[in-house]
>>> print(open('data-v3.txt').read())   # compact mmCIF, C-alpha atoms and all ligand atoms
# COMPACT_ATOMS: atom_id res chain seq x y z
CA MET Z 1 44.84 26.42 -49.22
CA ALA Z 2 41.38 27.56 -48.15
CA CYS Z 3 40.12 24.10 -49.07
CA SER Z 4 42.71 22.27 -47.00
CA LYS Z 5 42.08 24.66 -44.10
CA LEU Z 6 38.40 23.80 -44.36
CA PHE Z 7 39.23 20.12 -44.53
CA PHE Z 8 41.31 20.35 -41.38
CA SER Z 9 38.69 22.32 -39.48
CA CYS Z 10 36.08 19.72 -40.49
CA LEU Z 11 38.36 16.94 -39.36
CA LEU Z 12 38.98 18.74 -36.09
CA LEU Z 13 35.26 19.22 -35.60
CA GLN Z 14 34.61 15.54 -36.28
CA LEU Z 15 37.36 14.45 -33.93
CA THR Z 16 36.07 16.77 -31.22
CA PHE Z 17 32.64 15.25 -31.64
CA LEU Z 18 34.04 11.75 -31.54
CA PHE Z 19 35.74 12.40 -28.21
CA LEU Z 20 33.06 14.59 -26.72
CA VAL Z 21 30.03 12.46 -27.45
CA PRO Z 22 30.57 9.86 -24.71
CA GLU Z 23 30.92 12.71 -22.19
CA VAL Z 24 27.83 14.48 -23.52
CA ALA Z 25 25.91 11.19 -23.57
CA HIS Z 26 26.36 11.01 -19.80
CA GLY Z 27 22.87 11.65 -18.58
CA GLN Z 28 21.52 12.63 -21.99
CA GLY Z 29 17.77 12.04 -22.20
CA LEU Z 30 17.20 12.62 -18.49
CA LYS Z 31 15.24 15.55 -17.18
CA VAL Z 32 13.58 16.74 -14.03
CA GLY Z 33 9.88 15.90 -14.19
CA PHE Z 34 10.19 13.30 -16.96
CA TYR Z 35 6.92 11.66 -15.82
CA GLN Z 36 4.97 14.90 -15.52
CA LYS Z 37 2.66 13.99 -18.41
CA THR Z 38 2.80 10.19 -18.36
CA CYS Z 39 2.54 9.62 -14.62
CA PRO Z 40 2.05 12.96 -12.89
CA ASN Z 41 1.90 11.47 -9.39
CA ALA Z 42 4.96 9.26 -9.78
CA GLU Z 43 7.19 11.20 -7.40
CA ALA Z 44 4.36 11.71 -4.89
CA ILE Z 45 3.69 7.96 -4.91
CA VAL Z 46 7.36 7.20 -4.21
CA LYS Z 47 7.28 9.73 -1.39
CA GLU Z 48 4.14 8.25 0.11
CA VAL Z 49 5.34 4.65 0.07
CA MET Z 50 8.74 5.68 1.40
CA GLY Z 51 7.05 7.63 4.18
CA GLN Z 52 5.27 4.46 5.23
CA VAL Z 53 8.44 2.38 5.02
CA MET Z 54 10.61 4.87 6.90
CA SER Z 55 8.06 5.15 9.70
CA VAL Z 56 8.26 1.42 10.46
CA ALA Z 57 11.79 0.58 9.25
CA PRO Z 58 14.02 3.66 9.47
CA SER Z 59 17.12 1.48 9.39
CA LEU Z 60 16.42 0.89 5.69
CA SER Z 61 17.51 4.43 4.85
CA GLY Z 62 21.20 3.44 4.68
CA PRO Z 63 20.79 0.33 2.56
CA LEU Z 64 18.42 2.07 0.15
CA LEU Z 65 20.76 5.00 -0.38
CA ARG Z 66 23.63 2.60 -0.95
CA MET Z 67 21.56 0.59 -3.44
CA HIS Z 68 21.41 3.47 -5.92
CA PHE Z 69 25.21 3.86 -5.66
CA HIS Z 70 25.73 0.14 -6.27
CA ASP Z 71 23.38 0.28 -9.22
CA CYS Z 72 25.14 3.25 -10.82
CA PHE Z 73 28.70 2.00 -10.42
CA VAL Z 74 28.03 -1.27 -12.21
CA ARG Z 75 26.85 -0.85 -15.84
CA GLY Z 76 25.41 2.55 -14.98
CA CYS Z 77 22.15 3.53 -13.31
CA GLU Z 78 19.93 1.06 -15.15
CA GLY Z 79 18.51 -1.11 -12.43
CA SER Z 80 20.79 -4.11 -13.01
CA VAL Z 81 21.39 -4.46 -9.26
CA LEU Z 82 17.74 -5.45 -8.87
CA LEU Z 83 17.70 -8.38 -11.29
CA ASN Z 84 17.47 -11.96 -10.03
CA SER Z 85 19.23 -14.79 -11.79
CA PRO Z 86 17.96 -18.38 -11.77
CA THR Z 87 21.58 -19.52 -11.45
CA ASN Z 88 22.59 -16.90 -8.86
CA GLN Z 89 24.89 -15.14 -11.31
CA SER Z 90 23.53 -11.61 -11.18
CA GLU Z 91 25.01 -8.55 -9.41
CA LYS Z 92 22.98 -9.32 -6.30
CA ASN Z 93 24.93 -12.52 -5.92
CA ALA Z 94 28.30 -10.78 -5.69
CA ILE Z 95 29.83 -10.56 -2.20
CA PRO Z 96 29.79 -6.73 -1.95
CA ASN Z 97 26.05 -6.84 -2.60
CA PHE Z 98 25.26 -9.49 0.03
CA SER Z 99 24.83 -6.69 2.53
CA LEU Z 100 22.34 -4.75 0.42
CA ARG Z 101 18.86 -4.68 1.89
CA GLY Z 102 15.55 -3.14 0.98
CA PHE Z 103 14.72 -4.95 -2.27
CA GLN Z 104 11.19 -5.48 -0.96
CA THR Z 105 10.80 -1.74 -0.52
CA ILE Z 106 11.68 -1.21 -4.17
CA ASP Z 107 9.09 -3.86 -5.09
CA ARG Z 108 6.53 -2.12 -2.93
CA VAL Z 109 7.16 1.23 -4.61
CA LYS Z 110 7.05 -0.45 -8.02
CA THR Z 111 3.73 -2.14 -7.23
CA ALA Z 112 2.20 1.19 -6.24
CA LEU Z 113 3.51 2.83 -9.41
CA GLU Z 114 2.33 -0.01 -11.66
CA LYS Z 115 -1.13 0.35 -10.17
CA ALA Z 116 -1.22 4.07 -10.96
CA CYS Z 117 0.59 4.04 -14.32
CA PRO Z 118 1.36 0.58 -15.70
CA GLY Z 119 4.62 0.21 -17.57
CA ILE Z 120 5.74 3.81 -17.22
CA VAL Z 121 8.21 4.32 -14.38
CA SER Z 122 11.49 2.43 -14.65
CA CYS Z 123 13.11 0.56 -11.78
CA ALA Z 124 16.32 2.55 -12.33
CA ASP Z 125 14.37 5.78 -11.73
CA ILE Z 126 12.72 4.27 -8.67
CA LEU Z 127 16.19 3.70 -7.19
CA ALA Z 128 17.12 7.34 -7.80
CA LEU Z 129 13.85 8.66 -6.35
CA VAL Z 130 14.00 6.34 -3.35
CA ALA Z 131 17.57 7.47 -2.64
CA ARG Z 132 16.39 11.07 -2.42
CA GLU Z 133 13.66 10.08 0.02
CA THR Z 134 16.25 8.42 2.29
CA VAL Z 135 18.26 11.64 2.35
CA LEU Z 136 15.14 13.61 3.22
CA ALA Z 137 13.93 11.12 5.81
CA THR Z 138 17.23 11.38 7.67
CA GLY Z 139 17.31 15.17 7.73
CA GLY Z 140 19.15 15.99 4.53
CA LEU Z 141 18.03 18.51 1.93
CA SER Z 142 15.76 17.70 -0.96
CA TYR Z 143 17.04 17.99 -4.52
CA ASP Z 144 15.50 17.66 -7.96
CA VAL Z 145 16.01 14.16 -9.31
CA GLU Z 146 16.41 13.76 -13.03
CA THR Z 147 14.32 10.91 -14.41
CA GLY Z 148 13.86 9.16 -17.74
CA ARG Z 149 16.20 6.21 -17.18
CA ARG Z 150 15.24 2.93 -18.80
CA ASP Z 151 16.01 -0.47 -17.35
CA GLY Z 152 18.77 -2.67 -18.69
CA ASN Z 153 18.27 -6.39 -18.97
CA VAL Z 154 21.76 -7.64 -18.18
CA SER Z 155 23.21 -8.22 -14.72
CA ILE Z 156 26.53 -9.99 -14.24
CA LEU Z 157 28.01 -11.12 -10.93
CA ASN Z 158 31.61 -10.57 -11.99
CA GLU Z 159 30.96 -7.01 -13.08
CA ALA Z 160 29.77 -6.19 -9.57
CA LEU Z 161 32.90 -7.83 -8.16
CA ASN Z 162 35.14 -5.80 -10.45
CA ASP Z 163 33.35 -2.46 -10.43
CA LEU Z 164 32.24 -1.96 -6.84
CA ILE Z 165 34.95 -0.19 -4.91
CA PRO Z 166 36.36 -2.16 -1.97
CA PRO Z 167 36.62 -0.38 1.41
CA THR Z 168 40.38 -0.96 1.35
CA THR Z 169 40.86 1.40 -1.61
CA ASN Z 170 43.42 4.21 -1.44
CA ILE Z 171 42.88 7.77 -2.57
CA THR Z 172 44.60 7.39 -5.95
CA ILE Z 173 42.35 4.53 -7.00
CA LEU Z 174 39.26 6.17 -5.51
CA LYS Z 175 39.86 9.30 -7.56
CA ALA Z 176 40.48 7.27 -10.71
CA ASP Z 177 37.37 5.13 -10.17
CA PHE Z 178 35.22 8.20 -9.76
CA ALA Z 179 36.87 10.04 -12.66
CA LYS Z 180 36.19 7.23 -15.11
CA ARG Z 181 32.50 7.62 -14.32
CA GLY Z 182 32.56 11.37 -14.87
CA LEU Z 183 32.69 12.17 -11.16
CA SER Z 184 35.11 14.70 -9.70
CA VAL Z 185 37.29 14.66 -6.60
CA LYS Z 186 34.69 16.86 -4.96
CA ASP Z 187 31.97 14.33 -5.83
CA LEU Z 188 34.12 11.67 -4.18
CA VAL Z 189 34.38 13.46 -0.86
CA VAL Z 190 30.77 14.67 -0.94
CA LEU Z 191 29.28 11.28 -1.76
CA SER Z 192 31.49 9.53 0.79
CA GLY Z 193 29.53 11.72 3.20
CA GLY Z 194 26.70 9.24 2.53
CA HIS Z 195 28.38 7.24 5.28
CA THR Z 196 26.79 9.65 7.72
CA ILE Z 197 23.92 7.16 7.81
CA GLY Z 198 23.82 3.42 8.09
CA THR Z 199 25.79 0.53 9.42
CA SER Z 200 28.65 -1.70 8.39
CA HIS Z 201 29.48 -5.32 9.01
CA CYS Z 202 32.62 -5.86 11.09
CA SER Z 203 34.02 -7.87 8.19
CA SER Z 204 34.17 -4.73 6.02
CA PHE Z 205 36.92 -3.19 8.16
CA SER Z 206 38.21 -5.89 10.54
CA ASP Z 207 41.51 -6.08 8.64
CA ARG Z 208 42.19 -2.62 10.10
CA LEU Z 209 41.73 -4.00 13.60
CA TYR Z 210 43.39 -7.38 13.43
CA ASN Z 211 45.45 -7.99 10.35
CA PHE Z 212 46.45 -4.85 8.55
CA THR Z 213 49.73 -5.96 7.02
CA GLY Z 214 49.26 -9.70 7.48
CA LYS Z 215 51.16 -9.72 10.80
CA GLY Z 216 48.22 -9.51 13.15
CA ASP Z 217 48.62 -5.75 13.47
CA ALA Z 218 46.18 -2.83 13.41
CA ASP Z 219 46.08 0.08 10.99
CA PRO Z 220 48.33 2.76 12.52
CA THR Z 221 46.31 5.51 10.83
CA LEU Z 222 43.18 4.53 12.77
CA ASP Z 223 42.82 6.15 16.20
CA SER Z 224 44.01 3.61 18.78
CA LYS Z 225 41.18 4.35 21.24
CA TYR Z 226 38.69 3.80 18.45
CA ILE Z 227 40.39 0.52 17.56
CA ALA Z 228 39.98 -0.65 21.16
CA ARG Z 229 36.29 0.25 21.09
CA LEU Z 230 35.70 -1.45 17.77
CA LYS Z 231 37.50 -4.58 18.95
CA LEU Z 232 35.01 -4.92 21.80
CA ARG Z 233 32.23 -5.10 19.26
CA CYS Z 234 33.97 -6.96 16.44
CA LYS Z 235 35.78 -10.18 17.27
CA PRO Z 236 38.15 -11.61 14.63
CA ASN Z 237 36.32 -13.21 11.70
CA ASP Z 238 32.94 -11.85 12.78
CA GLN Z 239 30.73 -11.92 9.69
CA THR Z 240 27.43 -10.85 11.19
CA THR Z 241 27.74 -8.00 13.70
CA LEU Z 242 26.76 -4.54 12.51
CA VAL Z 243 28.34 -1.34 13.77
CA GLU Z 244 27.13 2.19 13.29
CA MET Z 245 29.41 4.02 10.87
CA ASP Z 246 28.60 7.36 12.48
CA PRO Z 247 28.00 6.29 16.09
CA GLY Z 248 25.27 8.22 17.86
CA SER Z 249 23.82 9.77 14.69
CA VAL Z 250 23.46 6.77 12.45
CA ARG Z 251 20.02 7.83 11.26
CA THR Z 252 20.80 11.50 10.91
CA PHE Z 253 22.15 13.04 7.77
CA ASP Z 254 24.80 15.41 9.11
CA ILE Z 255 28.52 16.19 8.89
CA LYS Z 256 29.54 14.13 11.90
CA TYR Z 257 31.10 11.49 9.70
CA PHE Z 258 33.51 14.08 8.33
CA ASP Z 259 34.34 14.97 11.91
CA LEU Z 260 35.10 11.33 12.64
CA ILE Z 261 37.35 11.05 9.60
CA GLN Z 262 39.27 14.11 10.72
CA LYS Z 263 39.70 12.48 14.13
CA ARG Z 264 41.13 9.37 12.41
CA ARG Z 265 37.95 7.45 13.17
CA GLY Z 266 36.70 6.87 9.64
CA LEU Z 267 35.71 3.21 9.50
CA PHE Z 268 37.06 2.25 6.10
CA THR Z 269 40.48 2.84 4.55
CA SER Z 270 38.53 4.53 1.74
CA ASP Z 271 37.13 7.04 4.24
CA SER Z 272 40.45 7.69 6.00
CA ALA Z 273 41.94 8.14 2.53
CA LEU Z 274 40.05 11.42 2.22
CA LEU Z 275 42.74 12.87 4.48
CA ASP Z 276 45.44 11.92 1.96
CA ASP Z 277 44.48 14.36 -0.77
CA SER Z 278 44.69 18.12 -0.35
CA GLU Z 279 41.37 18.77 -2.10
CA THR Z 280 39.31 16.18 -0.22
CA LYS Z 281 40.98 17.15 3.06
CA ALA Z 282 40.28 20.84 2.44
CA TYR Z 283 36.62 19.99 1.83
CA LEU Z 284 36.37 18.03 5.08
CA ASP Z 285 38.09 20.80 7.02
CA LEU Z 286 35.82 23.45 5.56
CA GLN Z 287 32.60 21.54 6.28
CA ILE Z 288 33.68 20.86 9.85
CA LYS Z 289 34.74 24.45 10.41
CA THR Z 290 31.55 25.90 8.96
CA GLY Z 291 29.09 23.36 10.35
CA GLY Z 292 28.44 21.89 6.91
CA SER Z 293 27.93 25.19 5.08
CA THR Z 294 27.61 23.56 1.68
CA PHE Z 295 27.57 19.79 2.29
CA PHE Z 296 23.80 19.43 2.28
CA GLU Z 297 23.42 21.17 -1.07
CA ASP Z 298 26.56 19.62 -2.50
CA PHE Z 299 25.20 16.17 -1.73
CA GLY Z 300 22.16 16.71 -3.94
CA VAL Z 301 24.32 18.04 -6.76
CA SER Z 302 26.67 15.05 -6.61
CA MET Z 303 23.79 12.58 -6.34
CA VAL Z 304 22.33 14.01 -9.55
CA LYS Z 305 25.72 13.61 -11.24
CA MET Z 306 26.04 10.05 -9.97
CA GLY Z 307 22.53 9.37 -11.27
CA ARG Z 308 23.70 10.16 -14.81
CA ILE Z 309 26.32 7.42 -15.00
CA GLY Z 310 25.78 5.13 -17.98
CA VAL Z 311 22.04 5.67 -18.21
CA ILE Z 312 19.89 4.06 -20.88
CA THR Z 313 17.28 6.43 -22.26
CA GLY Z 314 14.89 6.92 -25.18
CA THR Z 315 13.72 3.66 -26.64
CA ALA Z 316 16.67 1.52 -25.58
CA GLY Z 317 16.26 -1.01 -22.79
CA GLU Z 318 12.83 -1.44 -21.25
CA VAL Z 319 10.61 -0.42 -18.38
CA ARG Z 320 10.41 -3.53 -16.27
CA LYS Z 321 7.06 -4.59 -14.90
CA VAL Z 322 8.71 -6.33 -11.97
CA CYS Z 323 12.07 -4.93 -10.89
CA SER Z 324 13.71 -8.29 -10.27
CA LYS Z 325 12.81 -9.73 -13.70
CA VAL Z 326 13.30 -8.69 -17.30
CA ASN Z 327 9.99 -8.36 -19.15
C1 LIG Z 401 33.78 5.82 -2.21
C2 LIG Z 401 33.69 4.53 -2.23
C3 LIG Z 401 32.84 3.76 -1.26
C4 LIG Z 401 33.21 2.65 -0.60
C5 LIG Z 401 34.54 1.95 -0.68
C6 LIG Z 401 32.10 2.24 0.22
C7 LIG Z 401 32.07 1.13 1.03
C8 LIG Z 401 31.06 0.79 1.89
C9 LIG Z 401 31.07 -0.36 2.76
C10 LIG Z 401 32.15 -1.40 2.84
C11 LIG Z 401 29.92 -0.33 3.49
C12 LIG Z 401 29.50 -1.31 4.58
C13 LIG Z 401 28.78 -2.50 4.01
C14 LIG Z 401 28.54 -3.53 5.07
O1 LIG Z 401 29.51 -4.11 5.56
O2 LIG Z 401 27.37 -3.78 5.43
C15 LIG Z 401 29.19 0.83 3.07
C16 LIG Z 401 27.99 1.21 3.58
C17 LIG Z 401 27.27 2.26 3.12
N1 LIG Z 401 27.59 3.07 2.06
FE1 LIG Z 401 29.35 3.14 1.11
N2 LIG Z 401 31.06 3.12 0.03
C18 LIG Z 401 31.47 4.06 -0.86
C19 LIG Z 401 30.70 5.09 -1.36
C20 LIG Z 401 29.39 5.29 -1.04
C21 LIG Z 401 28.53 6.22 -1.70
C22 LIG Z 401 28.91 7.05 -2.93
C23 LIG Z 401 27.33 6.17 -1.06
C24 LIG Z 401 26.07 6.92 -1.36
C25 LIG Z 401 26.03 8.13 -1.82
C26 LIG Z 401 27.46 5.22 0.01
C27 LIG Z 401 26.48 4.94 0.93
C28 LIG Z 401 26.59 3.98 1.90
C29 LIG Z 401 25.59 3.78 2.92
C30 LIG Z 401 24.35 4.62 3.13
C31 LIG Z 401 26.00 2.69 3.68
C32 LIG Z 401 25.26 2.06 4.86
C33 LIG Z 401 24.48 0.86 4.35
C34 LIG Z 401 23.65 0.18 5.41
O3 LIG Z 401 23.22 0.82 6.37
O4 LIG Z 401 23.38 -1.02 5.23
N3 LIG Z 401 28.71 4.69 -0.03
N4 LIG Z 401 29.91 1.48 2.09
>>> encode(input="data-v3.txt", output="structure tokens", more="lines below")
Ligand code: HEM
Amino acid sequence: MACSKLFFSCLLLQLTFLFLVPEVAHGQGLKVGFYQKTCPNAEAIVKEVMGQVMSVAPSLSGPLLRMHFHDCFVRGCEGSVLLNSPTNQSEKNAIPNFSLRGFQTIDRVKTALEKACPGIVSCADILALVARETVLATGGLSYDVETGRRDGNVSILNEALNDLIPPTTNITILKADFAKRGLSVKDLVVLSGGHTIGTSHCSSFSDRLYNFTGKGDADPTLDSKYIARLKLRCKPNDQTTLVEMDPGSVRTFDIKYFDLIQKRRGLFTSDSALLDDSETKAYLDLQIKTGGSTFFEDFGVSMVKMGRIGVITGTAGEVRKVCSKVN
């Protein structure tokens, strides 16, 4: 009896391990200050280069923050978004990534790091560190970034098409897409707050203005005055015009985007969708009511969690010498 009890507890333990390991592996091997011994100035170098970039091209803050998100949601945070393909078949070549900008900034940071500590700092970590600098440069709070990611050497166009979340996504799918990456409903609403900075192409939301149900109609959940304003800027089929997602404070990290969502002026269906869930709506309401009492800190916490998705650590993968090419 004792023996079979033991057998069953062992089995239970093994099963628990089997199911828990993937969860535990999320972010395993990362730590704050990973480069402290191998490249002590790594984070200072990123900060310095980003300071220079932000002073001449502040509009890169949005794209560079978004780049880390697009890296993490496809194959994990392992730098695959940066890889070039001779046949144009890498993630970069997928439609949702056409609007990414700032690859040269990543190269510039990498060059500075390679000069100081050759072969040490991964491109995946550079993306995470650069993202923090964009938050800081726009008035957000600093947070400790875990490092120690290694770079993957695979980048597939179709994976970006399948894994990047379209702006037309409803709340049920948004929650599921975040959950399968270990991110909570709170992370969803907090990270969507990243839309407080940056711009969007008209084409990312013009269905809501001109053809919501295929009958030439507008999205009834979008404020009609806002629709009229957006229509002035975005003509049907416009593929090039950019609009500020958080008009008037596009380069300031603040809670105004939550305010817009509450006023039914969130640009994407995926933003408006945050009103369709009691938890995300309660978060929006609270931040608006309290002037963003916790949003700034929450953002750092959720960014760290996002930065753990599917990382490669230890001796797996590589540290690329040039971020757009495998070694
Ligand atoms: C929740 C799902 C999300 C969806 C569906 C989504 C969708 C989009 C879309 C369609 C654009 C406009 C692209 C364009 O037309 O140029 C955009 C821009 C942006 N997104 Fe998101 N996004 C999501 C989550 C996030 C997250 C988690 C972050 C970062 C934490 C983020 C940061 C940004 C930023 C900063 C921009 C502005 C980029 C620029 O200025 O070029 N987004 N997003």
>>> residues_near_ligand(input="data-v3.txt", ligand="ligand LIG 401 (chain Z)", cutoff="7 Å", atoms="only C-alpha atoms and all ligand atoms", output="NGL selection string")
:Z and (59-63 or 65-66 or 69 or 99-101 or 165-169 or 174 or 188 or 191-192 or 194-195 or 197-204 or 268 or 270 or 303)
>>> closest_residue(input="data-v3.txt", among="Z:Ser122, Z:Ser184, Z:Thr147, Z:Gln89", to="Glu159 of chain Z", atoms="only C-alpha atoms")
Z:Gln89
>>> atom_distance(input="data-v3.txt", atom1="atom CA of Val145 of chain Z", atom2="atom CA of Val304 of chain Z")
6.3 Å
>>> closest_residue(input="data-v3.txt", among="Z:Leu242, Z:Leu157, Z:Val250, Z:Leu267", to="Asp223 of chain Z", atoms="only C-alpha atoms")
Z:Leu267
>>> residues_around(input="data-v3.txt", residues="Glu114 of chain Z", least_positions_apart="6", cutoff="8 Å", atoms="only C-alpha atoms", output="list in words")
Ile120, Val121 and Lys321 of chain Z
>>> closest_residue(input="data-v3.txt", among="Z:Val109, Z:Val190, Z:Ala316, Z:Val32", to="Glu78 of chain Z", atoms="only C-alpha atoms")
Z:Ala316
>>> closest_residue(input="data-v3.txt", among="Z:Phe205, Z:Phe299, Z:Phe103, Z:Phe98", to="Phe253 of chain Z", atoms="only C-alpha atoms")
Z:Phe299
>>> closest_residue(input="data-v3.txt", among="Z:Ile227, Z:Val189, Z:Ala42, Z:Val326", to="Asp285 of chain Z", atoms="all atoms listed in the file")
Z:Val189
>>> residues_around(input="data-v3.txt", residues="Val322 of chain Z", least_positions_apart="3", cutoff="8 Å", atoms="all atoms listed in the file", output="list of chain:residue names")
Z:Asp107, Z:Lys110, Z:Lys325, Z:Val326, Z:Asn327
>>> residues_around(input="data-v3.txt", residues="Gly300 of chain Z", least_positions_apart="3", cutoff="8 Å", atoms="all atoms listed in the file", output="list of chain:residue names")
Z:Leu141, Z:Ser142, Z:Tyr143, Z:Asp144, Z:Phe296, Z:Glu297, Z:Met303, Z:Val304
>>> atom_distance(input="data-v3.txt", atom1="atom CA of Thr280 of chain Z", atom2="atom CA of Val185 of chain Z")
6.9 Å
>>> atom_distance(input="data-v3.txt", atom1="atom CA of Val154 of chain Z", atom2="atom CA of Thr315 of chain Z")
16.2 Å
>>> closest_residue(input="data-v3.txt", among="Z:Gly307, Z:Gln52, Z:Gly291, Z:Thr38", to="Ala124 of chain Z", atoms="all atoms listed in the file")
Z:Gly307
>>> build_atoms(input="data-v3.txt", residues="segment 45-62 of chain Z", atoms="N, CA and C atoms", output="compact mmCIF listing (two decimals), in the frame of the given file")
# COMPACT_ATOMS: atom_id res chain seq x y z
N ILE Z 45 3.93 9.36 -5.31
CA ILE Z 45 3.69 7.96 -4.91
C ILE Z 45 4.94 7.39 -4.23
N VAL Z 46 6.10 7.68 -4.83
CA VAL Z 46 7.36 7.20 -4.21
C VAL Z 46 7.47 7.78 -2.80
N LYS Z 47 7.18 9.06 -2.70
CA LYS Z 47 7.28 9.73 -1.39
C LYS Z 47 6.34 9.08 -0.38
N GLU Z 48 5.12 8.80 -0.83
CA GLU Z 48 4.14 8.25 0.11
C GLU Z 48 4.57 6.86 0.60
N VAL Z 49 4.94 6.01 -0.34
CA VAL Z 49 5.34 4.65 0.07
C VAL Z 49 6.58 4.72 0.96
N MET Z 50 7.52 5.57 0.59
CA MET Z 50 8.74 5.68 1.40
C MET Z 50 8.44 6.23 2.79
N GLY Z 51 7.47 7.11 2.87
CA GLY Z 51 7.05 7.63 4.18
C GLY Z 51 6.58 6.49 5.07
N GLN Z 52 5.77 5.61 4.47
CA GLN Z 52 5.27 4.46 5.23
C GLN Z 52 6.43 3.56 5.66
N VAL Z 53 7.33 3.29 4.72
CA VAL Z 53 8.44 2.38 5.02
C VAL Z 53 9.34 2.97 6.11
N MET Z 54 9.69 4.24 5.94
CA MET Z 54 10.61 4.87 6.90
C MET Z 54 10.00 4.94 8.31
N SER Z 55 8.66 5.03 8.37
CA SER Z 55 8.06 5.15 9.70
C SER Z 55 8.13 3.82 10.45
N VAL Z 56 8.17 2.71 9.73
CA VAL Z 56 8.26 1.42 10.46
C VAL Z 56 9.67 0.82 10.40
N ALA Z 57 10.45 1.18 9.39
CA ALA Z 57 11.79 0.58 9.25
C ALA Z 57 12.82 1.64 8.88
N PRO Z 58 13.08 2.58 9.82
CA PRO Z 58 14.02 3.66 9.47
C PRO Z 58 15.42 3.17 9.17
N SER Z 59 15.76 1.98 9.64
CA SER Z 59 17.12 1.48 9.39
C SER Z 59 17.32 1.12 7.92
N LEU Z 60 16.25 1.17 7.13
CA LEU Z 60 16.42 0.89 5.69
C LEU Z 60 16.95 2.10 4.92
N SER Z 61 17.05 3.24 5.58
CA SER Z 61 17.51 4.43 4.85
C SER Z 61 18.93 4.21 4.29
N GLY Z 62 19.82 3.68 5.13
CA GLY Z 62 21.20 3.44 4.68
C GLY Z 62 21.26 2.48 3.49
